[in-house]
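Data block below; observations after.
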Amino acid sequence: MLWADKYRPKELSSLSYHKQQALDLRNLTKDGDFPHLLVYGPLGAGKKTRIMCLLRELYGPGVDRLKVETMNFTTPSNKKLEISTVGSNYHIEVNPSDVGINDRVVIMDVIKNVAQSQQLNANTQREFKVILLTDVDNLTKDAQHALRRTMEKYIANCRIILCTTSISRVIPAIRSRCLCIRVPAPSIDDITSILTNVAAKESVSLPPELAKRIAEKSDRNLRRALLMCEACKVQKQGLVASQSVSEPDWQIFIRNIASKIVKEQSIATLAKIRENLYELIIFGIPSEIIFNTLLEEMLKNCDLELGRQIVEQAALYEHRMAQGNKEIFHLEAFVAKCMCLYQNMMQELMACEF
Amino acid sequence: MDEFPNSDDEFELMYGDDLEVLHEQGDVQRTPRKSRRSLEFTQTPVSHNDNSFSDAFTPLEAPVPELNTNKRSIEELFGDIDDILYENRANAKRYKGDNADELALIEHIVELRKLNRERDAPEIFRKAHVQSIDRAKDNLSYTVPSYPFVGVTRVDGRRLYIRCHSEQYELEERQKIVQEINLACTLGPNDGLWAEAQDLILKQATAPDLEQCYQPGDKELWVDLYKPRKYFELLSDESTNRIMLRWLKLWDKAVFKRRPKIKPIKPAEKNKKMFKAPDLCTDLDEHGRPLHKIALLCGPPGLGKTTLAHMVARHAGYNVVEVNASDDRSCEAFKTALENATQMRSVVDQERRPNCLVFDEIDGAPPSSIDYLVKFVQGGPSGRKKQKERNVLKRPIICICNDVYVPALRPLRQIAFVVNFPPTSNTRLAERLMEIAKWQKVKTDMGAMLALAEKSQNDIRACLSVLHFFKSQDKAVTLSDVHKTSVGQKDIQKGIFSVWRDIFLIDKANGDSLKARMSGVLNVVNAFGDYEKIAQGVFENYPNLKFKNTSMVETCLALDWFGFSDIVNKSIYSTQNYNLGSYLPFACVVWHFAFGSRSWQKLQYPSAGYEARTKQNRQKAIVNELMRGMQPAIRSHVQPNSLILDILPLLTTIITPAFRQISLHLYTEEEKKSLDNVVRIMVDYNLSYVQERTADGGYDYKLDPNIDELVSFGPKKSLSYSNKQLIAKEIETAKMRRFEPVQPERSAAPMPNHLQTLKAKSVCGVEMPVSGQFFSSSMC
């Protein structure tokens with residue numbers, strides 16, 4: 001098993017950071033009931049871990065006996081679709097955005113059916129089930145609107161937990177129906193201590209400098225940090241402080257793009273960069289992340305004034321990308337704009353010197 | 001000759017190399033018909049001169065009162081005629097205002113006149129010329145006149161002096177005309193007068209030609225009325241005509257049992273002629289048929305494809321059987337038509353010509369019919385040897401279509417002899433139109449006809465329809481009429497490539513001003529309509545092209561417009577608000593200004609976007625596959641996003657530790673542990689190694705699902721073959737081990753109860769009375 005899976009805490013009490021929050025969650029479930037929840041936070045912060053811990057607190061270890069099921073449904077246009085769900089006897093987990101724009105049907109059919117059916121034996125267990133919806137920020141507006149009534153109507157039978165990276169794309173109507181819980185990314189110190197703990201349990205000696213470096217490189221993403229650490233261990237038997245930490249390929253790839261922009265500003269470069277961007281899109285890297293990473297890498301090469309301009313443009317182009325369909329147009333436009341700004345700055349510098 | 005019962009004399013004459021000569025003869029024969037045109041021609045241009053205008057028509061109108069039984073004064077008639085030609089006069093006035101315009105017009109006239117003179121017989125020209133000079137003698141002079149003048153040099157170098165009137169004089173003239181018009185209008189309904197006057201003028205102008213006129217019934221379309229009656233009357237491109245005829249003659253051996261007289265084209269001649277049509281293969285197969293059994297004529301509408309097919313087939317001695325879109329073209333109907341036409345011979349026709357099948361408008365036929373045709377041509381639909389002899393195609397088939405790239409035509413395209421139909425030559429069409437106009441007594445001139453031909457993109461049918469229309473209006477057709485009317489304007493839809501080319505090309509012919517360029521691009525883009533495709537094509541082509549303005553600022557601006565068009569497109573599709581579509585063409589203008597260049601450049605079909613999309617879908621499928629097989633405990637914590645971003649890139653490193661290539665039992669404890677770990681991770685994440693055959697014949701283990709494809713942006717280090725084999729085996733056993741603990745559970749489940757019910761003893765006990773009942777019931 002991967003370390004990230006192996007040492008995932010199963011109890012709220014065994015969580016190793018944001019302990020106050022863990023305590024609050026525990027108090028929340030003390031009397032055996034809780035409102036709808038909207039859990040949000042960056043990737044690898046431990047949202048899902050917390051949710052599972054919470055369910056375990058509520059229903060006991062039965063929650064861990066998971067099974068995968070496939071549900072079939074038909075869209076109004078008679079298209080047959082299936083969606084796979086993970087669930088235990090007490091909860092069901094669905095990612096409606098798996099079916100793209102048909103997610104409204106999932107919400108309407110699948111979720112509603114689950115929500116409508118009452119628990120048979122309410123005395124021995126809780127009188128409600130939990131429906132866990134993930135990737136809520138990718139839900140279409142239609143689906144979100146379909147969800148809001150369901151949430152209120154079937155409150156007696158079910159609780160809905162929504163899990164998302166950002167609530168900015170969740171409509172306010174849903175936000176107001178939920179208790180919003182933010183799970184912030186762990187701090188670097190948290191990650192370092194977790195890494196050291198895990199290494200100790202695996203009886204691997206992890207130099208503290210390396211742990212720190214991994215934590216910094218991981219972007220405060222705990223899952224990535226653990227994976228990086230394990231990758232380091234696989235690459236070299238005895239871990240040393242000066243060891244190189246392998247990063248995900250796509251990050252290196254985007255870094256190369258940023259350096260290409262700085263190196264030469266021409267249409268030929270633009271054409272090459274377009275190929276790279278296409279490659280990134282093909283590999284399924286979400287375009288927002290391409291934008292973010294590219295911006296971060298660009299900022300490393302810029303002074304304050306240029307940086308300000310580039311951030312401004314990035315915001316503009318990303319906004320446009322969200323409005324449009326074809327990411328490549330907007331990504332390339334942003335790259336060209338960066339080139340343009342960079343060129344201007346260089347020319348100004350030249351003019352100052354002479 | 002004697003083997004060929006139905007030969008046309010004409011055909012024998014023209015077939016062979018003396019065709020050219022004959023063609024020239026044809027031309028000569030036709031020339032006298034044109035002669036009268038010169039008269040009309042010279043009249044019209046002169047009419048722009050105010051004074052000569054009324055003068056010019058006086059001799060024509062003078063005899064009218066005597067001829068006419070109705071009592072009518074000359075003034076009345078004058079008024080009428082002025083009315084008719086008022087437009088011309090107004091034009092003329094406009095020209096007066098601007099000296100440069102006037103000069104240009106005169107030059108144009110002179111040029112046309114010279115053209116005319118070259119074409120026509122000299123004495124006729126002289127006569128006409130003298131006449132026109134007579135009429136215009138007040139205003140035109142070869143010597144320096146006494147009145148104020150403007151000097152003009154004719155194309156042949158001769159000086160010409162044209163009178164300039166004072167403005168005062170012009171004003172008077174104009175008022176005079178206005179009065180005349182008012183007078184005419186007050187005289188009450190003058191439609192009849194107008195028409196009669198027109199008739200009289202025409203009668204005079206075309207009187208000598210009357211015997212050559214076709215006597216048309218009103219019901220017939222002009223297209224049919226003036227269909228070419230002879231081979232050399234065909235207007236279509238000569239090389240196309242000949243290549244079709246050559247192909248048809250190749251059938252002679254199969255159809256007429258006669259050796260075709262094919263003269264091989266000399267190589268020098270071939271080069272000289274630059275045939276657009278593909279070289280015709282003149283080889284015959286074992287049945288004496290040409291290699292291509294079907295000719296596929298393709299080209300835009302109205303160029304005379306159908307006419308050519310009919311003409312050529314008749315010429316080569318066939319009876320034409322046509323199947324077109326108006327007929328039933330289901331597979332069954334197609335079959336009967338094919339069999340009837342190719343295996344039977346018409347009895348009713350006295351000449352007993354063999355059939356030649358013409359499938360018109362085949363691009364609209366159902367694909368199944370076309371498949372049947374292809375099968376039929378390739379040796380019988382049954383395909384059995386016995387029947388093959390009977391089903392051999394022995395008659396030529398000509399197919400006609402507009403768009404050769406219709407998907408249904410693909411099989412046909414591969415076996416057919418494809419002849420692309422080039423556009424008819426402009427002047428040839430205009431000449432023919434002039435002839436027809438003369439026969440139909442429509443007053444017109446060569447310039448107008450050329451303009452008409454150009455406007456309709458040399459569509460013969462459209463031109464004739466427009467002429468017919470003007471005829472029914474009883475109006476003279478002038479250049480301005482042609483330009484003004486929307487009749488005959490074809491809604492030209494260019495191919496996608498020519499749209500892209502227009503965007504990338506700054507065409508000098510369209511004018512250099514930004515305004516002209518903008519309207520040019522807008523026209524083309526609006527006519528095409530699929531803005532998304534245009535945008536994609538421009539987007540994918542521009543980085544590979546050379547354009548003059550390579551600054552990043554321009555490129556940024558253009559790219560912003562790509563973003564804009566994307567946003568508008570999305571909002572159109574998501575809200576069905578098609579009004580927004582009207583903003584899209586302007587993006588193309590910006591791209592034209594940013595990326596346009598003067599040189600012609602090679603464009604490519606945009607495939608990158610589509611390829612990226614298909615690849616993306618494949619990656620998504622891989623991720624889904626991975627997710628589906630994952631262990632539930634793992635799966636509940638993994639999202640596709642985090643899988644792609646975090647887990648997979650590092651997972652590939654984690655599952656490829658440095659194993660030694662030795663057998664399993666030599667591994668140290670440490671190594672065994674790490675191997676075990678790798679196997680467990682791979683099982684958790686539904687990964688395994690699958691043996692695959694490589695291209696060079698060896699075997700290799702590949703990850704399945706192939707996540708290497710999903711995450712690696714470059715070559716990755718991979719395990720050795722033996723290690724992979726080892727891991728694959730371990731994964732199998734691990735998977736089996738996972739299922740094992742389940743099985744004892746099942747056997748330990750409350751079986752005894754279940755088994756007891758199936759015990760044979762109890763069943764026997766029940767069965768006895770049943771059998772007893774059975775017997776007793778049968779006994780009764």
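Ligands are numbered from 1 in the order shown, residues from 1 within each chain, and chains are lettered A, B, ... in the order they appear in the structure tokens.
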(request) Write out as a PyMOL selection string every residue belonging to chain B that has an atom at most 6 Å from any atom of chain A, counting only C-alpha atoms. (result) chain B and resi 543+552+556+559+563+566-567+570+612+616+632+646+649+653-654+657+680-681+710
File of the preceding selection, all heavy atoms, as a CSV table (one decimal), in the first residue's frame:
```csv
chain,number,residue,atom,x,y,z
B,543,PRO,N,0.5,30.3,-37.1
B,543,PRO,CA,1.9,30.3,-36.7
B,543,PRO,C,2.9,29.8,-37.8
B,543,PRO,O,4.1,30.1,-37.8
B,543,PRO,CB,2.0,29.4,-35.5
B,543,PRO,CG,0.6,29.3,-35.1
B,543,PRO,CD,-0.2,29.4,-36.3
B,552,MET,N,4.4,41.3,-31.5
B,552,MET,CA,3.6,40.6,-30.6
B,552,MET,C,2.3,41.3,-30.3
B,552,MET,O,1.3,40.7,-30.0
B,552,MET,CB,4.3,40.3,-29.3
B,552,MET,CG,5.5,39.3,-29.4
B,552,MET,SD,5.0,37.8,-30.2
B,552,MET,CE,3.9,37.0,-29.2
B,556,CYS,N,-1.2,39.6,-30.2
B,556,CYS,CA,-2.0,39.6,-29.0
B,556,CYS,C,-3.4,40.0,-29.3
B,556,CYS,O,-4.4,39.4,-28.9
B,556,CYS,CB,-1.4,40.6,-28.0
B,556,CYS,SG,-0.3,39.9,-26.9
B,559,LEU,N,-5.2,37.3,-31.1
B,559,LEU,CA,-5.6,36.2,-30.2
B,559,LEU,C,-6.7,36.6,-29.2
B,559,LEU,O,-7.5,35.7,-28.9
B,559,LEU,CB,-4.3,35.8,-29.4
B,559,LEU,CG,-3.3,35.0,-30.1
B,559,LEU,CD1,-2.0,34.9,-29.4
B,559,LEU,CD2,-3.9,33.6,-30.4
B,563,GLY,N,-10.3,34.6,-28.4
B,563,GLY,CA,-11.0,34.4,-27.2
B,563,GLY,C,-12.4,34.9,-27.3
B,563,GLY,O,-13.4,34.3,-26.8
B,566,ASP,N,-14.6,32.7,-29.2
B,566,ASP,CA,-14.9,31.5,-28.4
B,566,ASP,C,-16.1,31.7,-27.4
B,566,ASP,O,-17.0,31.0,-27.3
B,566,ASP,CB,-13.7,31.0,-27.7
B,566,ASP,CG,-13.9,29.8,-26.8
B,566,ASP,OD1,-14.7,29.0,-27.2
B,566,ASP,OD2,-13.3,29.7,-25.7
B,567,ILE,N,-15.9,32.9,-26.7
B,567,ILE,CA,-17.0,33.2,-25.7
B,567,ILE,C,-18.3,33.4,-26.4
B,567,ILE,O,-19.3,32.9,-25.9
B,567,ILE,CB,-16.6,34.5,-25.0
B,567,ILE,CG1,-15.3,34.2,-24.1
B,567,ILE,CG2,-17.7,35.0,-24.1
B,567,ILE,CD1,-14.7,35.5,-23.5
B,570,LYS,N,-19.8,30.1,-27.4
B,570,LYS,CA,-20.3,29.3,-26.3
B,570,LYS,C,-21.7,29.9,-25.9
B,570,LYS,O,-22.6,29.1,-25.6
B,570,LYS,CB,-19.4,29.3,-25.1
B,570,LYS,CG,-20.0,28.7,-23.9
B,570,LYS,CD,-19.1,28.2,-22.9
B,570,LYS,CE,-19.8,27.5,-21.7
B,570,LYS,NZ,-19.0,27.4,-20.5
B,612,ALA,N,-6.4,16.5,-30.5
B,612,ALA,CA,-6.2,16.7,-29.1
B,612,ALA,C,-7.5,16.2,-28.3
B,612,ALA,O,-7.4,15.6,-27.3
B,612,ALA,CB,-6.0,18.2,-28.7
B,616,GLN,N,-7.6,13.3,-25.7
B,616,GLN,CA,-8.1,13.6,-24.3
B,616,GLN,C,-9.2,12.6,-23.9
B,616,GLN,O,-9.2,12.2,-22.8
B,616,GLN,CB,-8.7,15.0,-24.4
B,616,GLN,CG,-8.6,15.7,-23.0
B,616,GLN,CD,-9.2,17.1,-23.1
B,616,GLN,OE1,-9.4,17.6,-24.2
B,616,GLN,NE2,-9.6,17.6,-21.9
B,632,PRO,N,-12.1,-0.4,-3.2
B,632,PRO,CA,-13.1,0.6,-2.7
B,632,PRO,C,-12.5,1.5,-1.7
B,632,PRO,O,-12.7,2.7,-1.7
B,632,PRO,CB,-14.2,-0.2,-2.2
B,632,PRO,CG,-14.1,-1.5,-2.8
B,632,PRO,CD,-12.7,-1.7,-3.2
B,646,ASP,N,-1.5,14.3,-8.8
B,646,ASP,CA,-0.5,14.0,-7.7
B,646,ASP,C,-0.1,12.5,-7.8
B,646,ASP,O,1.1,12.2,-7.8
B,646,ASP,CB,-1.1,14.2,-6.3
B,646,ASP,CG,-1.4,15.7,-6.1
B,646,ASP,OD1,-0.8,16.5,-6.8
B,646,ASP,OD2,-2.3,16.0,-5.4
B,649,PRO,N,1.7,10.6,-11.5
B,649,PRO,CA,3.1,10.9,-11.8
B,649,PRO,C,4.1,10.3,-10.9
B,649,PRO,O,5.2,9.9,-11.3
B,649,PRO,CB,3.2,12.5,-11.8
B,649,PRO,CG,1.8,12.9,-11.9
B,649,PRO,CD,0.9,11.8,-11.3
B,653,THR,N,7.0,6.2,-10.5
B,653,THR,CA,8.3,6.1,-9.9
B,653,THR,C,8.3,5.1,-8.8
B,653,THR,O,9.2,4.2,-8.7
B,653,THR,CB,8.8,7.4,-9.3
B,653,THR,OG1,8.1,8.5,-9.9
B,653,THR,CG2,10.3,7.6,-9.5
B,654,ILE,N,7.3,5.1,-8.0
B,654,ILE,CA,7.2,4.2,-6.9
B,654,ILE,C,7.1,2.8,-7.3
B,654,ILE,O,7.7,1.9,-6.6
B,654,ILE,CB,6.0,4.6,-6.0
B,654,ILE,CG1,6.3,6.0,-5.4
B,654,ILE,CG2,5.8,3.6,-4.9
B,654,ILE,CD1,5.1,6.6,-4.6
B,657,PRO,N,11.0,0.3,-8.6
B,657,PRO,CA,12.2,0.3,-7.8
B,657,PRO,C,13.3,-0.4,-8.6
B,657,PRO,O,13.0,-1.1,-9.6
B,657,PRO,CB,11.9,-0.4,-6.5
B,657,PRO,CG,10.5,-0.9,-6.7
B,657,PRO,CD,10.1,-0.7,-8.1
B,680,ARG,N,1.4,-5.0,-4.0
B,680,ARG,CA,0.2,-4.6,-3.4
B,680,ARG,C,-0.3,-3.2,-3.9
B,680,ARG,O,-1.5,-3.0,-4.0
B,680,ARG,CB,0.5,-4.5,-1.8
B,680,ARG,CG,-0.3,-5.6,-1.2
B,680,ARG,CD,-0.4,-5.4,0.3
B,680,ARG,NE,0.7,-5.9,1.0
B,680,ARG,CZ,1.1,-5.6,2.2
B,680,ARG,NH1,0.4,-4.6,2.8
B,680,ARG,NH2,2.0,-6.2,2.8
B,681,ILE,N,0.6,-2.3,-4.1
B,681,ILE,CA,0.2,-1.0,-4.6
B,681,ILE,C,-0.5,-1.2,-6.0
B,681,ILE,O,-1.6,-0.6,-6.2
B,681,ILE,CB,1.4,-0.1,-4.8
B,681,ILE,CG1,1.9,0.3,-3.4
B,681,ILE,CG2,1.0,1.2,-5.5
B,681,ILE,CD1,3.2,1.0,-3.4
B,710,LEU,N,-0.4,8.3,-19.8
B,710,LEU,CA,-1.2,9.3,-19.2
B,710,LEU,C,-0.3,10.4,-18.5
B,710,LEU,O,-0.7,11.5,-18.4
B,710,LEU,CB,-2.1,8.7,-18.2
B,710,LEU,CG,-3.3,9.4,-17.7
B,710,LEU,CD1,-4.2,9.6,-18.9
B,710,LEU,CD2,-4.0,8.6,-16.6
```
From region 279-338 of chain B, collect each residue whose DSSP state is helix (DSSP H, G or I) and return the set as a PDB file with N, CA, C and O atoms, in the first residue's frame.
```
ATOM      1  N   LYS B 305     -22.827  20.347 -67.811  1.00  0.00           N
ATOM      2  CA  LYS B 305     -22.366  18.963 -67.665  1.00  0.00           C
ATOM      3  C   LYS B 305     -23.362  17.995 -68.300  1.00  0.00           C
ATOM      4  O   LYS B 305     -22.983  17.118 -69.079  1.00  0.00           O
ATOM      5  N   THR B 306     -24.639  18.206 -67.956  1.00  0.00           N
ATOM      6  CA  THR B 306     -25.668  17.315 -68.492  1.00  0.00           C
ATOM      7  C   THR B 306     -25.708  17.418 -70.011  1.00  0.00           C
ATOM      8  O   THR B 306     -25.777  16.399 -70.719  1.00  0.00           O
ATOM      9  N   THR B 307     -25.637  18.640 -70.484  1.00  0.00           N
ATOM     10  CA  THR B 307     -25.648  18.860 -71.927  1.00  0.00           C
ATOM     11  C   THR B 307     -24.487  18.129 -72.584  1.00  0.00           C
ATOM     12  O   THR B 307     -24.650  17.476 -73.620  1.00  0.00           O
ATOM     13  N   LEU B 308     -23.338  18.260 -71.976  1.00  0.00           N
ATOM     14  CA  LEU B 308     -22.163  17.611 -72.558  1.00  0.00           C
ATOM     15  C   LEU B 308     -22.345  16.098 -72.601  1.00  0.00           C
ATOM     16  O   LEU B 308     -22.076  15.465 -73.625  1.00  0.00           O
ATOM     17  N   ALA B 309     -22.838  15.549 -71.500  1.00  0.00           N
ATOM     18  CA  ALA B 309     -23.005  14.103 -71.451  1.00  0.00           C
ATOM     19  C   ALA B 309     -23.956  13.643 -72.546  1.00  0.00           C
ATOM     20  O   ALA B 309     -23.664  12.700 -73.290  1.00  0.00           O
ATOM     21  N   HIS B 310     -25.075  14.336 -72.673  1.00  0.00           N
ATOM     22  CA  HIS B 310     -26.048  13.967 -73.693  1.00  0.00           C
ATOM     23  C   HIS B 310     -25.461  14.114 -75.092  1.00  0.00           C
ATOM     24  O   HIS B 310     -25.597  13.241 -75.937  1.00  0.00           O
ATOM     25  N   MET B 311     -24.803  15.239 -75.288  1.00  0.00           N
ATOM     26  CA  MET B 311     -24.275  15.540 -76.609  1.00  0.00           C
ATOM     27  C   MET B 311     -23.222  14.513 -77.021  1.00  0.00           C
ATOM     28  O   MET B 311     -23.255  13.968 -78.129  1.00  0.00           O
ATOM     29  N   VAL B 312     -22.322  14.251 -76.116  1.00  0.00           N
ATOM     30  CA  VAL B 312     -21.229  13.344 -76.433  1.00  0.00           C
ATOM     31  C   VAL B 312     -21.759  11.938 -76.696  1.00  0.00           C
ATOM     32  O   VAL B 312     -21.351  11.264 -77.643  1.00  0.00           O
ATOM     33  N   ALA B 313     -22.736  11.534 -75.872  1.00  0.00           N
ATOM     34  CA  ALA B 313     -23.279  10.190 -76.039  1.00  0.00           C
ATOM     35  C   ALA B 313     -23.995  10.072 -77.381  1.00  0.00           C
ATOM     36  O   ALA B 313     -23.827   9.089 -78.112  1.00  0.00           O
ATOM     37  N   ARG B 314     -24.773  11.063 -77.720  1.00  0.00           N
ATOM     38  CA  ARG B 314     -25.472  11.016 -79.005  1.00  0.00           C
ATOM     39  C   ARG B 314     -24.486  11.037 -80.157  1.00  0.00           C
ATOM     40  O   ARG B 314     -24.638  10.362 -81.166  1.00  0.00           O
ATOM     41  N   HIS B 315     -23.461  11.825 -79.963  1.00  0.00           N
ATOM     42  CA  HIS B 315     -22.445  11.979 -80.982  1.00  0.00           C
ATOM     43  C   HIS B 315     -21.739  10.661 -81.273  1.00  0.00           C
ATOM     44  O   HIS B 315     -21.440  10.327 -82.401  1.00  0.00           O
ATOM     45  N   CYS B 331     -32.662   1.516 -54.099  1.00  0.00           N
ATOM     46  CA  CYS B 331     -31.759   0.490 -54.619  1.00  0.00           C
ATOM     47  C   CYS B 331     -32.457  -0.358 -55.682  1.00  0.00           C
ATOM     48  O   CYS B 331     -31.886  -0.678 -56.715  1.00  0.00           O
ATOM     49  N   GLU B 332     -33.740  -0.683 -55.436  1.00  0.00           N
ATOM     50  CA  GLU B 332     -34.487  -1.529 -56.368  1.00  0.00           C
ATOM     51  C   GLU B 332     -34.638  -0.856 -57.717  1.00  0.00           C
ATOM     52  O   GLU B 332     -34.346  -1.424 -58.770  1.00  0.00           O
ATOM     53  N   ALA B 333     -35.084   0.426 -57.653  1.00  0.00           N
ATOM     54  CA  ALA B 333     -35.322   1.166 -58.889  1.00  0.00           C
ATOM     55  C   ALA B 333     -34.014   1.329 -59.667  1.00  0.00           C
ATOM     56  O   ALA B 333     -33.965   1.249 -60.892  1.00  0.00           O
ATOM     57  N   PHE B 334     -32.979   1.515 -58.926  1.00  0.00           N
ATOM     58  CA  PHE B 334     -31.660   1.685 -59.508  1.00  0.00           C
ATOM     59  C   PHE B 334     -31.264   0.429 -60.267  1.00  0.00           C
ATOM     60  O   PHE B 334     -30.742   0.481 -61.370  1.00  0.00           O
ATOM     61  N   LYS B 335     -31.571  -0.679 -59.624  1.00  0.00           N
ATOM     62  CA  LYS B 335     -31.207  -1.973 -60.190  1.00  0.00           C
ATOM     63  C   LYS B 335     -31.919  -2.193 -61.520  1.00  0.00           C
ATOM     64  O   LYS B 335     -31.291  -2.541 -62.530  1.00  0.00           O
ATOM     65  N   THR B 336     -33.215  -1.934 -61.527  1.00  0.00           N
ATOM     66  CA  THR B 336     -33.963  -2.144 -62.771  1.00  0.00           C
ATOM     67  C   THR B 336     -33.458  -1.204 -63.854  1.00  0.00           C
ATOM     68  O   THR B 336     -33.271  -1.617 -65.008  1.00  0.00           O
ATOM     69  N   ALA B 337     -33.224   0.038 -63.469  1.00  0.00           N
ATOM     70  CA  ALA B 337     -32.760   1.005 -64.460  1.00  0.00           C
ATOM     71  C   ALA B 337     -31.444   0.549 -65.055  1.00  0.00           C
ATOM     72  O   ALA B 337     -31.242   0.568 -66.275  1.00  0.00           O
ATOM     73  N   LEU B 338     -30.561   0.102 -64.181  1.00  0.00           N
ATOM     74  CA  LEU B 338     -29.239  -0.337 -64.633  1.00  0.00           C
ATOM     75  C   LEU B 338     -29.369  -1.521 -65.582  1.00  0.00           C
ATOM     76  O   LEU B 338     -28.781  -1.532 -66.664  1.00  0.00           O
TER      77      LEU B 338
END
```
Do you know which residues are at most 12 Å from Asn78 (chain A) counting only C-alpha atoms, after dropping those on the same chain fewer than 3 positions away, and could you put them as a short mmCIF file (atom, residue, chain, number, x, y, z; two decimals) with all heavy atoms, in the first residue's frame?
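Result written to out-v3.cif:
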```cif
data_model
loop_
_atom_site.label_atom_id
_atom_site.label_comp_id
_atom_site.auth_asym_id
_atom_site.auth_seq_id
_atom_site.Cartn_x
_atom_site.Cartn_y
_atom_site.Cartn_z
N PHE A 73 -28.87 4.92 -15.41
CA PHE A 73 -30.00 5.84 -15.55
C PHE A 73 -30.09 6.29 -17.00
O PHE A 73 -29.16 6.13 -17.78
CB PHE A 73 -29.87 7.03 -14.60
CG PHE A 73 -28.65 7.86 -14.85
CD1 PHE A 73 -28.74 9.02 -15.62
CD2 PHE A 73 -27.43 7.50 -14.32
CE1 PHE A 73 -27.62 9.78 -15.84
CE2 PHE A 73 -26.31 8.27 -14.55
CZ PHE A 73 -26.41 9.41 -15.30
N THR A 74 -31.24 6.86 -17.32
CA THR A 74 -31.48 7.29 -18.69
C THR A 74 -31.75 8.79 -18.71
O THR A 74 -32.53 9.28 -17.90
CB THR A 74 -32.70 6.56 -19.27
OG1 THR A 74 -32.69 5.24 -18.78
CG2 THR A 74 -32.66 6.54 -20.77
N THR A 75 -31.11 9.46 -19.60
CA THR A 75 -31.35 10.90 -19.71
C THR A 75 -32.67 11.13 -20.44
O THR A 75 -33.20 10.21 -21.07
CB THR A 75 -30.23 11.57 -20.51
OG1 THR A 75 -30.27 11.06 -21.83
CG2 THR A 75 -28.89 11.33 -19.90
N LEU A 81 -26.78 6.02 -19.49
CA LEU A 81 -25.50 6.34 -18.86
C LEU A 81 -25.36 5.52 -17.59
O LEU A 81 -26.34 5.04 -17.03
CB LEU A 81 -25.46 7.82 -18.49
CG LEU A 81 -25.35 8.80 -19.63
CD1 LEU A 81 -25.51 10.20 -19.11
CD2 LEU A 81 -24.00 8.67 -20.32
N ASN A 102 -24.54 15.83 -18.08
CA ASN A 102 -25.76 15.14 -17.66
C ASN A 102 -25.88 15.04 -16.15
O ASN A 102 -26.69 14.27 -15.64
CB ASN A 102 -25.82 13.74 -18.28
CG ASN A 102 -26.02 13.81 -19.76
OD1 ASN A 102 -26.87 14.56 -20.23
ND2 ASN A 102 -25.24 13.06 -20.51
N VAL A 105 -29.24 15.05 -14.32
CA VAL A 105 -30.03 13.82 -14.25
C VAL A 105 -29.61 12.97 -13.06
O VAL A 105 -30.44 12.36 -12.39
CB VAL A 105 -29.89 13.04 -15.57
CG1 VAL A 105 -30.87 11.90 -15.61
CG2 VAL A 105 -30.09 13.94 -16.75
#
```
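Omitting Val39 (chain A) and its sequence neighbours fewer than 2 positions away, and counting only C-alpha atoms, the residues within 10 Å are His36, Leu37, Gly41, Lys47, Lys48, Arg50, Ile51, Thr134, Ile161, Leu162, Cys163, Thr164, Thr165, Ser166, Ile167, Cys178, Leu179, Cys180, Ile181, Arg182 and Val183 of chain A.
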(message) Need the shell around region 238-244 of chain A: protein/DNA/RNA residues with any atom at most 7 Å away, counting only C-alpha atoms. Skip same-chain ones fewer than 5 positions apart. Format as a VMD selection string?
(response) chain A and resid 205 to 207 209 to 210 233
Got time to write the residues from that selection, N, CA, C and O atoms, as a short mmCIF file (atom, residue, chain, number, x, y, z; two decimals), in the first residue's frame?
```
data_model
loop_
_atom_site.label_atom_id
_atom_site.label_comp_id
_atom_site.auth_asym_id
_atom_site.auth_seq_id
_atom_site.Cartn_x
_atom_site.Cartn_y
_atom_site.Cartn_z
N SER A 205 15.14 5.98 7.78
CA SER A 205 15.70 7.19 8.39
C SER A 205 15.57 8.35 7.42
O SER A 205 16.06 8.29 6.30
N LEU A 206 14.83 9.35 7.82
CA LEU A 206 14.58 10.50 6.95
C LEU A 206 15.29 11.72 7.52
O LEU A 206 14.95 12.18 8.60
N PRO A 207 16.29 12.22 6.83
CA PRO A 207 16.99 13.41 7.35
C PRO A 207 16.02 14.59 7.41
O PRO A 207 15.23 14.78 6.48
N GLU A 209 16.36 17.70 6.96
CA GLU A 209 16.47 18.68 5.87
C GLU A 209 15.67 18.21 4.66
O GLU A 209 14.95 18.98 4.03
N LEU A 210 15.81 16.92 4.39
CA LEU A 210 15.09 16.37 3.24
C LEU A 210 13.59 16.48 3.47
O LEU A 210 12.83 16.86 2.57
N LYS A 233 12.35 7.36 -1.50
CA LYS A 233 12.84 6.15 -0.84
C LYS A 233 13.06 5.04 -1.88
O LYS A 233 14.03 4.30 -1.80
#
```
